[in-house]
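**Q** data.tsv (TSV, C-alpha atoms) pasted underneath:
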chain	number	residue	atom	x	y	z
A	17	MET	CA	31.98	-40.09	66.12
A	18	THR	CA	28.40	-39.04	65.55
A	19	GLY	CA	29.67	-36.21	63.33
A	20	TRP	CA	31.63	-38.64	61.16
A	21	LYS	CA	28.55	-40.85	60.79
A	22	SER	CA	26.51	-37.83	59.74
A	23	LEU	CA	29.13	-36.86	57.18
A	24	LEU	CA	29.30	-40.41	55.81
A	25	GLY	CA	25.49	-40.59	55.64
A	26	ALA	CA	25.31	-37.28	53.82
A	27	ALA	CA	27.99	-38.42	51.40
A	28	ALA	CA	26.11	-41.66	50.69
A	29	ILE	CA	22.88	-39.77	50.06
A	30	ALA	CA	24.69	-37.35	47.75
A	31	TYR	CA	26.28	-40.25	45.88
A	32	CYS	CA	22.94	-42.03	45.39
A	33	ALA	CA	21.28	-38.82	44.28
A	34	GLY	CA	24.09	-38.27	41.78
A	35	ALA	CA	23.77	-41.81	40.47
A	36	LEU	CA	20.02	-41.47	40.06
A	37	ALA	CA	20.50	-38.15	38.28
A	38	GLN	CA	22.50	-40.01	35.63
A	39	GLU	CA	19.56	-42.23	34.76
A	40	THR	CA	17.95	-41.10	31.51
A	41	THR	CA	14.17	-41.41	31.24
A	42	LEU	CA	12.46	-41.51	27.85
A	43	VAL	CA	8.71	-41.55	27.21
A	44	LEU	CA	7.50	-44.01	24.56
A	45	ALA	CA	4.13	-43.24	22.95
A	46	THR	CA	2.40	-46.32	21.53
A	47	THR	CA	-0.54	-44.23	20.16
A	48	PHE	CA	-2.82	-47.24	20.79
A	49	PRO	CA	-4.74	-48.53	23.83
A	50	PRO	CA	-2.68	-50.89	26.02
A	51	ASN	CA	-4.74	-53.96	25.02
A	52	ILE	CA	-4.13	-53.59	21.25
A	53	HIS	CA	-1.71	-56.29	20.06
A	54	VAL	CA	1.11	-53.97	18.97
A	55	SER	CA	1.11	-52.30	22.39
A	56	ALA	CA	0.63	-55.37	24.56
A	57	GLN	CA	2.70	-57.90	22.64
A	58	MET	CA	5.48	-55.77	21.17
A	59	LEU	CA	6.06	-52.27	22.51
A	60	HIS	CA	5.52	-52.93	26.22
A	61	PRO	CA	7.75	-56.05	26.22
A	62	TRP	CA	10.42	-54.15	24.28
A	63	ALA	CA	10.41	-51.37	26.91
A	64	ASP	CA	10.58	-53.97	29.68
A	65	ARG	CA	13.68	-55.52	28.11
A	66	VAL	CA	15.34	-52.12	27.79
A	67	ASN	CA	14.49	-51.26	31.40
A	68	GLU	CA	15.87	-54.54	32.71
A	69	LYS	CA	19.18	-53.96	30.97
A	70	GLY	CA	19.27	-50.24	31.63
A	71	LYS	CA	18.67	-50.11	35.39
A	72	GLY	CA	20.31	-46.97	36.75
A	73	VAL	CA	21.22	-45.84	33.21
A	74	LEU	CA	18.12	-45.76	30.98
A	75	GLN	CA	14.44	-46.23	31.65
A	76	ILE	CA	11.55	-46.22	29.17
A	77	VAL	CA	8.17	-45.01	30.42
A	78	VAL	CA	5.33	-46.23	28.20
A	79	ARG	CA	2.32	-44.04	27.55
A	80	ASP	CA	-0.61	-45.66	25.74
A	81	GLY	CA	-3.62	-44.17	24.02
A	82	PRO	CA	-4.07	-41.14	21.75
A	83	THR	CA	-3.91	-38.44	24.43
A	84	VAL	CA	-0.13	-38.06	24.52
A	85	ALA	CA	0.37	-38.87	20.84
A	86	ASN	CA	-1.89	-40.27	18.16
A	87	PHE	CA	-1.83	-41.80	14.70
A	88	SER	CA	-1.51	-38.42	12.97
A	89	ASN	CA	0.67	-36.31	15.29
A	90	PHE	CA	3.18	-38.83	16.67
A	91	TYR	CA	6.04	-37.44	14.55
A	92	ASP	CA	5.49	-33.86	15.70
A	93	ARG	CA	5.22	-35.01	19.31
A	94	VAL	CA	8.66	-36.57	19.11
A	95	MET	CA	10.19	-33.59	17.35
A	96	SER	CA	8.75	-31.18	19.94
A	97	ASP	CA	10.00	-33.43	22.79
A	98	VAL	CA	6.52	-34.03	24.23
A	99	VAL	CA	7.54	-37.69	23.99
A	100	GLN	CA	10.98	-38.99	23.12
A	101	ILE	CA	10.12	-42.26	21.32
A	102	ALA	CA	7.06	-43.17	19.28
A	103	TRP	CA	5.61	-45.85	17.05
A	104	GLY	CA	3.87	-44.85	13.83
A	105	LEU	CA	3.53	-45.25	10.07
A	106	GLN	CA	5.72	-43.17	7.78
A	107	SER	CA	2.84	-42.68	5.35
A	108	THR	CA	0.99	-40.48	7.85
A	109	VAL	CA	3.83	-37.91	7.84
A	110	ALA	CA	2.88	-36.01	4.71
A	111	GLY	CA	5.60	-35.82	2.07
A	112	LYS	CA	8.44	-36.86	4.38
A	113	PHE	CA	9.07	-40.54	3.50
A	114	PRO	CA	8.39	-41.21	-0.22
A	115	ARG	CA	11.55	-43.34	-0.64
A	116	SER	CA	10.57	-45.64	2.24
A	117	ASP	CA	7.43	-46.62	0.34
A	118	VAL	CA	9.56	-48.96	-1.77
A	119	VAL	CA	8.91	-51.50	0.98
A	120	ALA	CA	5.13	-51.02	0.65
A	121	LEU	CA	4.82	-51.63	-3.10
A	122	PRO	CA	2.53	-54.45	-4.31
A	123	PHE	CA	3.97	-57.94	-4.69
A	124	ILE	CA	7.36	-56.97	-3.23
A	125	VAL	CA	7.19	-58.20	0.39
A	126	ASP	CA	5.59	-61.52	1.36
A	127	LYS	CA	6.74	-61.84	4.98
A	128	SER	CA	7.04	-58.93	7.37
A	129	GLU	CA	10.16	-60.33	9.03
A	130	ASP	CA	12.04	-60.52	5.72
A	131	GLY	CA	10.77	-57.13	4.63
A	132	ALA	CA	11.80	-55.53	7.92
A	133	ALA	CA	15.35	-56.93	7.84
A	134	ALA	CA	15.83	-55.75	4.25
A	135	PHE	CA	14.30	-52.37	5.14
A	136	TRP	CA	16.87	-51.86	7.89
A	137	ARG	CA	19.69	-52.83	5.53
A	138	LEU	CA	18.35	-50.39	2.95
A	139	TYR	CA	18.38	-47.63	5.57
A	140	LYS	CA	22.00	-48.48	6.42
A	141	THR	CA	23.05	-48.02	2.76
A	142	GLY	CA	22.37	-44.30	3.08
A	143	LEU	CA	19.88	-44.23	0.20
A	144	LEU	CA	17.16	-43.08	2.60
A	145	ASP	CA	19.23	-40.48	4.45
A	146	ALA	CA	17.21	-37.54	3.12
A	147	GLU	CA	14.15	-38.92	4.91
A	148	TYR	CA	15.80	-39.78	8.22
A	149	ASP	CA	17.86	-36.61	8.53
A	150	GLU	CA	16.27	-35.46	11.79
A	151	ILE	CA	15.42	-38.76	13.46
A	152	VAL	CA	17.13	-41.95	14.59
A	153	PRO	CA	15.19	-45.13	13.75
A	154	ILE	CA	15.18	-47.74	16.49
A	155	MET	CA	13.18	-50.29	14.50
A	156	LEU	CA	11.96	-50.27	10.90
A	157	VAL	CA	9.28	-52.66	9.78
A	158	ALA	CA	7.15	-53.66	6.82
A	159	LEU	CA	3.65	-54.63	7.85
A	160	THR	CA	2.14	-57.74	6.31
A	161	PRO	CA	0.70	-57.33	2.80
A	162	ALA	CA	-2.94	-56.56	2.07
A	163	GLY	CA	-5.29	-59.15	0.70
A	164	VAL	CA	-8.92	-58.68	-0.33
A	165	HIS	CA	-11.68	-59.32	2.21
A	166	THR	CA	-15.30	-58.88	1.15
A	167	SER	CA	-18.76	-59.61	2.48
A	168	LYS	CA	-19.70	-61.53	-0.68
A	169	PRO	CA	-17.70	-63.55	-3.23
A	170	LEU	CA	-15.97	-61.58	-5.96
A	171	LYS	CA	-17.59	-61.80	-9.37
A	172	SER	CA	-14.20	-62.54	-10.90
A	173	LEU	CA	-10.64	-63.21	-9.81
A	174	THR	CA	-9.27	-61.53	-12.94
A	175	ASP	CA	-10.24	-58.01	-11.82
A	176	LEU	CA	-12.03	-56.07	-9.08
A	177	THR	CA	-14.41	-54.11	-11.32
A	178	GLY	CA	-17.42	-52.81	-9.39
A	179	THR	CA	-15.90	-53.62	-5.99
A	180	LYS	CA	-15.58	-50.82	-3.42
A	181	LEU	CA	-12.68	-51.58	-1.10
A	182	ILE	CA	-11.48	-49.73	1.97
A	183	VAL	CA	-7.71	-49.23	1.75
A	184	ALA	CA	-5.19	-48.43	4.46
A	185	SER	CA	-2.54	-46.78	2.27
A	186	LYS	CA	-2.17	-44.76	-0.91
A	187	ILE	CA	-0.18	-47.52	-2.60
A	188	THR	CA	-2.78	-50.18	-1.85
A	189	GLY	CA	-5.41	-47.80	-3.20
A	190	GLN	CA	-3.47	-47.44	-6.43
A	191	ALA	CA	-3.15	-51.23	-6.71
A	192	VAL	CA	-6.90	-51.66	-6.19
A	193	ALA	CA	-7.60	-49.04	-8.87
A	194	HIS	CA	-5.32	-50.78	-11.36
A	195	MET	CA	-7.21	-54.00	-10.64
A	196	GLY	CA	-10.42	-52.20	-11.62
A	197	GLY	CA	-11.75	-51.69	-8.11
A	198	THR	CA	-12.78	-48.49	-6.34
A	199	PRO	CA	-10.54	-47.62	-3.37
A	200	LEU	CA	-12.24	-45.94	-0.42
A	201	SER	CA	-10.34	-43.83	2.09
A	202	ILE	CA	-12.19	-44.62	5.31
A	203	PRO	CA	-10.51	-44.51	8.75
A	204	LEU	CA	-9.68	-47.99	10.00
A	205	ASN	CA	-11.77	-47.46	13.12
A	206	ASP	CA	-14.81	-46.93	10.88
A	207	MET	CA	-14.27	-50.02	8.70
A	208	TYR	CA	-16.65	-52.26	10.63
A	209	GLU	CA	-19.58	-49.86	10.35
A	210	ALA	CA	-18.89	-49.12	6.66
A	211	LEU	CA	-18.88	-52.83	5.86
A	212	GLN	CA	-21.91	-53.51	8.01
A	213	ARG	CA	-23.90	-50.76	6.29
A	214	GLY	CA	-22.76	-51.71	2.81
A	215	THR	CA	-20.95	-48.42	2.22
A	216	ALA	CA	-18.02	-50.63	1.23
A	217	ASP	CA	-18.01	-54.09	-0.29
A	218	GLY	CA	-14.85	-55.07	1.51
A	219	ALA	CA	-11.38	-54.01	2.57
A	220	ALA	CA	-7.94	-54.42	1.06
A	221	VAL	CA	-6.09	-54.87	4.34
A	222	ALA	CA	-3.91	-57.43	6.06
A	223	TRP	CA	-5.12	-60.20	8.36
A	224	THR	CA	-3.49	-58.18	11.17
A	225	SER	CA	-6.51	-55.85	11.04
A	226	PHE	CA	-8.94	-58.63	11.96
A	227	GLN	CA	-8.32	-58.73	15.70
A	228	PRO	CA	-8.55	-55.03	16.56
A	229	PHE	CA	-11.35	-54.20	14.10
A	230	LYS	CA	-13.43	-57.44	14.30
A	231	LEU	CA	-13.49	-57.85	10.53
A	232	ALA	CA	-14.32	-61.55	10.77
A	233	GLU	CA	-17.85	-60.48	11.72
A	234	VAL	CA	-18.41	-58.51	8.50
A	235	THR	CA	-16.23	-60.17	5.84
A	236	PHE	CA	-16.59	-63.77	4.72
A	237	TYR	CA	-14.71	-64.06	1.41
A	238	HIS	CA	-10.95	-63.66	1.44
A	239	VAL	CA	-8.37	-63.57	-1.34
A	240	GLU	CA	-4.75	-64.07	-0.33
A	241	ALA	CA	-2.78	-61.48	-2.29
A	242	SER	CA	-0.11	-58.83	-1.85
A	243	LEU	CA	-1.64	-55.50	-2.82
A	244	GLY	CA	0.96	-53.48	-0.99
A	245	THR	CA	1.40	-52.70	2.66
A	246	SER	CA	2.56	-49.94	5.01
A	247	VAL	CA	5.90	-49.20	6.61
A	248	GLY	CA	6.31	-48.36	10.26
A	249	MET	CA	8.98	-47.28	12.67
A	250	VAL	CA	9.91	-46.83	16.30
A	251	PHE	CA	12.15	-43.78	16.45
A	252	MET	CA	13.42	-40.75	18.35
A	253	SER	CA	14.75	-37.37	17.32
A	254	LYS	CA	18.40	-37.20	16.36
A	255	LYS	CA	18.88	-34.13	18.56
A	256	LYS	CA	17.54	-35.93	21.64
A	257	TYR	CA	19.50	-39.09	20.89
A	258	GLN	CA	22.78	-37.21	20.52
A	259	ALA	CA	22.15	-35.34	23.80
A	260	MET	CA	21.83	-38.58	25.78
A	261	PRO	CA	24.76	-39.78	27.90
A	262	ALA	CA	26.95	-42.32	26.09
A	263	ALA	CA	25.97	-45.07	28.54
A	264	ALA	CA	22.24	-44.53	27.83
A	265	ARG	CA	22.84	-44.52	24.07
A	266	LYS	CA	24.75	-47.79	24.42
A	267	VAL	CA	21.79	-49.45	26.13
A	268	LEU	CA	19.32	-48.15	23.55
A	269	ASP	CA	21.58	-49.21	20.67
A	270	ALA	CA	21.59	-52.75	22.06
A	271	PHE	CA	17.82	-52.87	21.49
A	272	SER	CA	17.84	-51.20	18.08
A	273	GLY	CA	18.73	-52.21	14.56
A	274	GLU	CA	18.21	-55.18	12.26
A	275	ALA	CA	17.69	-57.79	14.99
A	276	GLU	CA	14.95	-55.74	16.65
A	277	SER	CA	13.41	-54.93	13.27
A	278	ARG	CA	13.30	-58.65	12.51
A	279	ARG	CA	11.65	-59.25	15.87
A	280	PHE	CA	9.03	-56.62	15.06
A	281	GLY	CA	8.43	-58.17	11.65
A	282	ALA	CA	8.08	-61.64	13.17
A	283	PHE	CA	5.47	-60.20	15.52
A	284	TRP	CA	3.40	-58.94	12.58
A	285	ASP	CA	3.73	-62.29	10.81
A	286	ARG	CA	2.47	-64.00	13.94
A	287	VAL	CA	-0.46	-61.58	14.28
A	288	ARG	CA	-1.32	-62.20	10.62
A	289	ASP	CA	-1.48	-65.95	11.25
A	290	GLU	CA	-3.52	-65.43	14.41
A	291	GLY	CA	-5.97	-63.17	12.57
A	292	ARG	CA	-6.49	-65.79	9.88
A	293	LYS	CA	-6.95	-68.60	12.42
A	294	LEU	CA	-9.46	-66.57	14.44
A	295	ALA	CA	-11.45	-65.85	11.29
A	296	LEU	CA	-11.53	-69.53	10.40
A	297	ALA	CA	-12.57	-70.44	13.93
A	298	SER	CA	-15.52	-68.05	13.94
A	299	PRO	CA	-19.01	-69.52	13.46
A	300	HIS	CA	-19.54	-67.75	10.14
A	301	LYS	CA	-19.18	-69.69	6.91
A	302	ARG	CA	-16.30	-68.28	4.90
A	303	THR	CA	-14.12	-68.92	1.87
A	304	ILE	CA	-10.36	-68.33	1.60
A	305	VAL	CA	-9.00	-68.23	-1.94
A	306	ASN	CA	-5.36	-68.74	-2.83
A	307	LEU	CA	-4.59	-67.34	-6.27
A	308	THR	CA	-3.43	-69.85	-8.87
A	309	PRO	CA	-0.01	-69.15	-10.40
A	310	ALA	CA	-1.79	-67.80	-13.48
A	311	ASP	CA	-4.07	-65.51	-11.45
A	312	SER	CA	-1.14	-64.33	-9.34
A	313	ALA	CA	0.84	-63.47	-12.47
A	314	LEU	CA	-2.14	-61.52	-13.79
A	315	TRP	CA	-2.52	-59.55	-10.55
A	316	ARG	CA	1.20	-58.77	-10.59
A	317	LYS	CA	0.99	-57.58	-14.20
A	318	LYS	CA	-2.01	-55.35	-13.51
A	319	THR	CA	-0.37	-53.74	-10.47
A	320	GLU	CA	3.10	-53.41	-12.02
A	321	PRO	CA	2.32	-49.82	-13.18
A	322	VAL	CA	2.13	-48.84	-9.50
A	323	VAL	CA	5.72	-50.03	-9.04
A	324	ASP	CA	6.89	-48.41	-12.28
A	325	GLU	CA	5.25	-45.09	-11.46
A	326	TRP	CA	6.77	-45.05	-7.99
A	327	ALA	CA	10.25	-45.74	-9.42
A	328	LYS	CA	9.89	-42.94	-12.00
A	329	THR	CA	8.51	-40.25	-9.68
A	330	THR	CA	10.53	-40.93	-6.52
A	331	PRO	CA	13.99	-39.36	-6.22
A	332	ASN	CA	16.55	-42.06	-7.07
A	333	GLY	CA	13.61	-44.47	-7.23
A	334	GLN	CA	15.07	-46.93	-9.74
A	335	LYS	CA	18.23	-47.45	-7.70
A	336	ILE	CA	16.34	-47.72	-4.42
A	337	LEU	CA	13.95	-50.31	-5.89
A	338	ALA	CA	16.76	-52.40	-7.37
A	339	THR	CA	18.75	-52.21	-4.12
A	340	TYR	CA	15.79	-53.18	-1.96
A	341	ARG	CA	14.94	-56.14	-4.18
A	342	LYS	CA	18.55	-57.33	-3.95
A	343	LEU	CA	18.65	-56.90	-0.16
A	344	LEU	CA	15.32	-58.72	0.20
A	345	ALA	CA	16.60	-61.59	-1.94
A	346	ASP	CA	19.71	-61.77	0.26
A	347	VAL	CA	17.60	-61.92	3.42
A	348	LYS	CA	15.40	-64.67	1.97
A	349	ALA	CA	18.54	-66.60	1.01
A	350	GLY	CA	19.81	-66.37	4.57
A	351	LYS	CA	22.66	-64.03	3.75
Please lay out the structure from this file as structure tokens.
**A**
Amino acid sequence: MTGWKSLLGAAAIAYCAGALAQETTLVLATTFPPNIHVSAQMLHPWADRVNEKGKGVLQIVVRDGPTVANFSNFYDRVMSDVVQIAWGLQSTVAGKFPRSDVVALPFIVDKSEDGAAAFWRLYKTGLLDAEYDEIVPIMLVALTPAGVHTSKPLKSLTDLTGTKLIVASKITGQAVAHMGGTPLSIPLNDMYEALQRGTADGAAVAWTSFQPFKLAEVTFYHVEASLGTSVGMVFMSKKKYQAMPAAARKVLDAFSGEAESRRFGAFWDRVRDEGRKLALASPHKRTIVNLTPADSALWRKKTEPVVDEWAKTTPNGQKILATYRKLLADVKAGK
């Protein structure tokens, strides 16, 4: 009898070991410290939801900070299988995602949630296939658009002549230049010091930058505008995705796509609102300017060459722009 019990015990252990062996583990690199809003409020909760659903099938292990993957090497880290999933901006992968920048053009996207949903639909049309040939997007998102935040009031709302502005993307830099300003390429982590020292007059960034970089302490004049933005993604390599067991892919697919992209966009919209509220609640006296319809039309006209140039120089740019505008209009209309 003892022998039978031993055999049954061994069989149970072997079964459990086999079941555990079927569980797929993927490492997600956030590239940011765990307390930064995108890590704490979005990426960690997303992994927790996947892990709850995927018990015994799929588990996501989150790795924060720049040691495993950082702002500049996240794509290579995924492709070399150092990590399997990462968050990052397409613009930092040199030359790989020019078509995706349609989402980042000035005065195209107003709300991140709408922009993200339309971005995912654009990806599903196949017009961006050349850029996503070796990866599988899990979420695609448009960050909130950049306004103008300066230490002193602008001399004029009709142009930015004589104003040195830190920019977070090439497209925003082009928009600033067409408005007459001087774009400065300074790392976001160095914005505070540059503004404090007067190296820059301000920054053309979104309100989402205010919490992590404490910009409310060094900027006091704010113009609500839409001078372009950045596009981001959570993704994994196509090779790794296709090698996963079907059950693990099914779990991951349930937390991918337009709905998750919308959720990510809604997060950025919320962080934008929080950044603005925190700035207003600070003890510093500040001014927030909403452009009049006439001023807004002028800013659009002055930055329109950025949109035109992108459409002319990007492969299939005209069609991609027209398609994205149509998809964005559909999303806004609730279609």
**Q** Need the shell around range 339-345 of chain A: protein/DNA/RNA residues with any atom at most 8 Å away, counting all atoms listed in the file. Skip same-chain ones fewer than 3 positions apart. Format as a VMD selection string?
**A** chain A and resid 118 to 119 124 130 to 131 133 to 135 137 to 138 335 to 336 348 to 349
**Q** Counting only C-alpha atoms, which residues of range 161-254 of chain A sit at most 10 Å from some atom of range 93-115 of chain A, and what is each one's closest atom pair with its distance in Å to one decimal, listed by chain and rising residue number, as a Markdown table?
**A**
| residue | atom | partner | partner_atom | distance |
| --- | --- | --- | --- | --- |
| A:Ala184 | CA | A:Ser107 | CA | 9.9 |
| A:Ser185 | CA | A:Ser107 | CA | 7.4 |
| A:Lys186 | CA | A:Ser107 | CA | 8.3 |
| A:Ile187 | CA | A:Ser107 | CA | 9.8 |
| A:Ser246 | CA | A:Leu105 | CA | 7.0 |
| A:Val247 | CA | A:Leu105 | CA | 5.8 |
| A:Gly248 | CA | A:Leu105 | CA | 4.2 |
| A:Met249 | CA | A:Trp103 | CA | 5.7 |
| A:Val250 | CA | A:Trp103 | CA | 4.5 |
| A:Phe251 | CA | A:Ile101 | CA | 5.5 |
| A:Met252 | CA | A:Ile101 | CA | 4.7 |
| A:Ser253 | CA | A:Met95 | CA | 5.9 |
| A:Lys254 | CA | A:Met95 | CA | 9.0 |
**Q** Measure the distance from CA of Ile52 in chain A to CA of Leu156 in chain A in Å and round it to one decimal.
**A**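 So the two atoms, CA of Ile52 in chain A and CA of Leu156 in chain A, lie 19.4 Å apart.
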**Q** Have a look at A:Ala146, A:Ile154, A:Val73, A:Pro199 and name the one nearest to Leu44 in chain A; count all atoms listed in the file.
**A**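 Answer, going by the shortest atom-to-atom distance: A:Ile154.
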**Q** What is the CA of Arg265 in chain A-CA of Asp92 in chain A distance in Å, reported with one decimal?
**A**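 Answer for the CA of Arg265 in chain A to CA of Asp92 in chain A separation: 22.0 Å.
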**Q** Rounded to one decimal place, report the CA of Ile182 in chain A-CA of Pro331 in chain A distance in Å.
**A**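 If I compute the distance from CA of Ile182 in chain A to CA of Pro331 in chain A, I get 28.7 Å.
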**Q** Any idea what's packed within 7 Å of Phe236 in chain A, counting all atoms listed in the file, ignoring anything in its chain fewer than 2 positions away? Could you give it as a ChimeraX atom specification?
**A** /A:166-168,232,234,238,301-303
**Q** Do you know which residues are at most 12 Å from Arg286 in chain A counting all atoms listed in the file, after dropping those on the same chain fewer than 2 positions away, and could you put them as a PDB file with C-alpha atoms, in the frame of the given file?
**A**
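Saved result, selection-v2.pdb, follows:
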ATOM      1  CA  HIS A  53      -1.710 -56.290  20.060  1.00  0.00           C
ATOM      2  CA  VAL A  54       1.110 -53.970  18.970  1.00  0.00           C
ATOM      3  CA  GLN A  57       2.700 -57.900  22.640  1.00  0.00           C
ATOM      4  CA  MET A  58       5.480 -55.770  21.170  1.00  0.00           C
ATOM      5  CA  LYS A 127       6.740 -61.840   4.980  1.00  0.00           C
ATOM      6  CA  SER A 128       7.040 -58.930   7.370  1.00  0.00           C
ATOM      7  CA  GLU A 129      10.160 -60.330   9.030  1.00  0.00           C
ATOM      8  CA  LEU A 159       3.650 -54.630   7.850  1.00  0.00           C
ATOM      9  CA  THR A 160       2.140 -57.740   6.310  1.00  0.00           C
ATOM     10  CA  TRP A 223      -5.120 -60.200   8.360  1.00  0.00           C
ATOM     11  CA  THR A 224      -3.490 -58.180  11.170  1.00  0.00           C
ATOM     12  CA  ARG A 279      11.650 -59.250  15.870  1.00  0.00           C
ATOM     13  CA  PHE A 280       9.030 -56.620  15.060  1.00  0.00           C
ATOM     14  CA  GLY A 281       8.430 -58.170  11.650  1.00  0.00           C
ATOM     15  CA  ALA A 282       8.080 -61.640  13.170  1.00  0.00           C
ATOM     16  CA  PHE A 283       5.470 -60.200  15.520  1.00  0.00           C
ATOM     17  CA  TRP A 284       3.400 -58.940  12.580  1.00  0.00           C
ATOM     18  CA  ARG A 288      -1.320 -62.200  10.620  1.00  0.00           C
ATOM     19  CA  ASP A 289      -1.480 -65.950  11.250  1.00  0.00           C
ATOM     20  CA  GLU A 290      -3.520 -65.430  14.410  1.00  0.00           C
ATOM     21  CA  GLY A 291      -5.970 -63.170  12.570  1.00  0.00           C
ATOM     22  CA  ARG A 292      -6.490 -65.790   9.880  1.00  0.00           C
ATOM     23  CA  LYS A 293      -6.950 -68.600  12.420  1.00  0.00           C
TER      24      LYS A 293
END
**Q** Lys180 in chain A: which residues within 6 Å, counting only C-alpha atoms, same-chain residues fewer than 2 positions away excluded, as a ChimeraX atom specification?
**A** /A:198-199,216-217
**Q** Convert the current residue selection to file output with C-alpha atoms, as a short mmCIF file (atom, residue, chain, number, x, y, z; two decimals), keeping the file's coordinate frame.
**A**
data_model
loop_
_atom_site.label_atom_id
_atom_site.label_comp_id
_atom_site.auth_asym_id
_atom_site.auth_seq_id
_atom_site.Cartn_x
_atom_site.Cartn_y
_atom_site.Cartn_z
CA THR A 198 -12.78 -48.49 -6.34
CA PRO A 199 -10.54 -47.62 -3.37
CA ALA A 216 -18.02 -50.63 1.23
CA ASP A 217 -18.01 -54.09 -0.29
#
